[in-house]
Amino acid sequence: MGTMDTDQLKDLSDRHIAATYSRFPVVLVKGHGCKVWDSEGKEYLDFVGGLAVCNLGHCHANIVRAIKEQVERLIHVSNLYYTEPQTELAKLLTDNSFADRVFFCNSGAEANEAAIKLARKHAKERKGQGRFEIITTINSFHGRTMATVTATGQEKFHKGFEPLLPGFSYVPFNDLEVLERSINESTCAVMVEPIQGEGGVNCPSGNYLKGLRKICDRHDVLLIFDEVQVGMGRTGTLFAYEGYGVEPDIMTLAKGLGGGLPIGAMLAKEDVASSFVPGSHATTFGGNPVVTASALAAVNTILKNGVLENCIEVGDYLSKELGRLRQKYPFIKDLRGKGLIIGMELEFDGGDIVRACLERGVLINCTMGTVLRFLPPLIVTKGEVDAMIRVLDEVLSHV
Ligand SMILES: *Cc1c(COP(=O)(O)O)cnc(C)c1O
C-alpha cells in the first residue's frame, strides 16, 4: 500500500481530517462483489455496502466500464450545456417511476434541499406566501445541511446548530391521526421515508403510506418520499413506494443511485416540477457526465440482471436466518425490514457486537445505539448470508 504503513495512515487521518467520524481501526484498500480487503490483506464480508450505496457490490464490471469509458471522453462541463449520460439517466428514471422530471445534485441532503425548496415554491405560487411548513416524522433522517438537519426529527442532530430553519414540525411515524391534526393553513408538504433507515429500520404499518396519500390529497399538500436509503432496489422494487402501492408527488434519491459515485436526484411530476424555472435552483457538479454514466449503468443493471429478484429471495433468506437467531437469543427484541434493509433491535448497545464482527471479518452497522442494521449489496448470495450468520451467531453466543 502506497508509501505509508497502516498505523502512519490512521495517525495522519486522525490528525488532519475533521473529526466528525470515529472510525473503525481498519484501512480498506480493495473491494469486489460483497467483499472488501484491508491494508494488511485481511478479507471482510460486507453487510454495510458503503451504507446502502454499493447496491451492486464493489467494483461491478458494468459500473467500472461505464466510468472508464466516460472519464476518457468528457468529465465535466457544467449544466450550462446538454450532456448525454445525464439526459439518458433522466429518461430512464422517469420511464420507470411516477415522475416526469429530475433535478440532479450530489448527495441525499442536496436532493432533500431541492425537494424542500420545490415544495415551498410550489405552495407559495399556488396558495400564497403563508404556505411553507413541512411536516416530517420523529426519528426520521433527511441529511446534515441546515434545512435537512432541521427536517430530521431527531434532537441529537440539532444540538449545537440552533437556530434551526423555521417551518418544520414533527409527528410520530405511523400515526395518521396526529399527522392530520398537525396540518394547518401554513403546511405545504409532508416528508417521510417509506422505511426509516437511520432511525432504526422502522417500517410503515398497515396502510400508513396509503393513509398519508389520502390525507395529503384531502388537504391539498404535497407528499414527499425520501427514498435516499430505500430506493434503488433496496426493498425489492426499484423504488420502495412501488411495494406499497402509493405514489408521492416528489421523491428523492441518492445513496444507491450512482453505483458508488456521489449523486443525488429529486424527481417530481410535471405539475409540481414546473415551479422550478431557469434560475430557481442550481448546482455546479450536479448530474455531471461521469456520475450519471455510472448511475445509468447502475440503474440498468439493477433493472435487467435479476438484481431485484435476488434482493427479494436473499432478503427473505436473511430475515429467516436472523429470525432463527432471534429465537435463540432472548436479548434480541425485534427484527424488522424489507428486502435487504433489515434491523435487529437488541436490549443493549450494539457497538461491541459490531466491533466483534469486524474482528472476525464481517462488516455490519449499528444505528440508534441498539439496532444492528444489515444493508448488504443486493447481489449478496445465500452462501454469504450463511457466512455472516455463522460469525454473528458466534459473537452473540458470547454476550
Ligand atoms: C443518508 C440519507 C440522507 C442523506 O444523504 P447524504 O448523501 O449523506 O447527504 C437523507 N435521507 C436518508 C433517508 C438517508 O438515509
# chains A, B, ... in the order shown; residues from 1 in each chain; ligands from 1
>>> residues_near_ligand(ligand="ligand 1", cutoff="7 Å", atoms="only C-alpha atoms and all ligand atoms", output="PyMOL selection string")
chain A and resi 107-110+112+141-144+193+196-198+226-229+254-255
>>> select_by_dssp(residues="region 195-328 of chain A", states="strand (DSSP E or B)", output="list in words")
Gln196, Asn202, Leu222, Leu223, Ile224, Phe225, Asp226, Ile250, Met251, Thr252, Leu253, Gly259, Leu261, Gly264, Ala265, Met266, Leu267 and Ala268 of chain A
>>> closest_residue(among="A:Ala151, A:Leu74, A:Ile302, A:Ala99", to="Val192 (chain A)", atoms="only C-alpha atoms")
A:Ala151
>>> closest_atom_pairs(of="region 227-320 of chain A", to="region 378-389 of chain A", cutoff="12 Å", atoms="only C-alpha atoms", output="CSV")
residue,atom,partner,partner_atom,distance
A:Val230,CA,A:Leu378,CA,11.8
A:Gly231,CA,A:Leu378,CA,11.9
A:Met232,CA,A:Leu378,CA,9.7
A:Gly233,CA,A:Leu378,CA,7.6
A:Arg234,CA,A:Leu378,CA,6.9
A:Thr235,CA,A:Leu378,CA,9.4
A:Gly236,CA,A:Leu378,CA,8.8
A:Thr237,CA,A:Leu378,CA,11.3
A:Leu238,CA,A:Leu378,CA,11.4
A:Gly256,CA,A:Leu378,CA,10.1
A:Gly259,CA,A:Leu378,CA,11.7
A:Ala298,CA,A:Leu378,CA,11.6
A:Thr301,CA,A:Ile379,CA,10.8
A:Ile302,CA,A:Leu378,CA,8.6
A:Leu303,CA,A:Leu378,CA,11.8
A:Asn305,CA,A:Ile379,CA,9.7
A:Gly306,CA,A:Ile379,CA,8.9
A:Val307,CA,A:Ile379,CA,6.1
A:Leu308,CA,A:Leu378,CA,7.4
A:Glu309,CA,A:Leu378,CA,9.3
A:Asn310,CA,A:Ile379,CA,6.4
A:Cys311,CA,A:Leu378,CA,5.1
A:Ile312,CA,A:Leu378,CA,8.9
A:Glu313,CA,A:Lys382,CA,8.9
A:Val314,CA,A:Lys382,CA,6.0
A:Gly315,CA,A:Leu378,CA,8.5
A:Asp316,CA,A:Lys382,CA,10.1
A:Tyr317,CA,A:Lys382,CA,7.1
A:Leu318,CA,A:Val385,CA,6.3
A:Ser319,CA,A:Val385,CA,9.9
A:Lys320,CA,A:Val385,CA,10.6
>>> closest_residue(among="A:Gly351, A:Gly243, A:Gly323, A:Pro172", to="Asn202 (chain A)", atoms="only C-alpha atoms")
A:Pro172
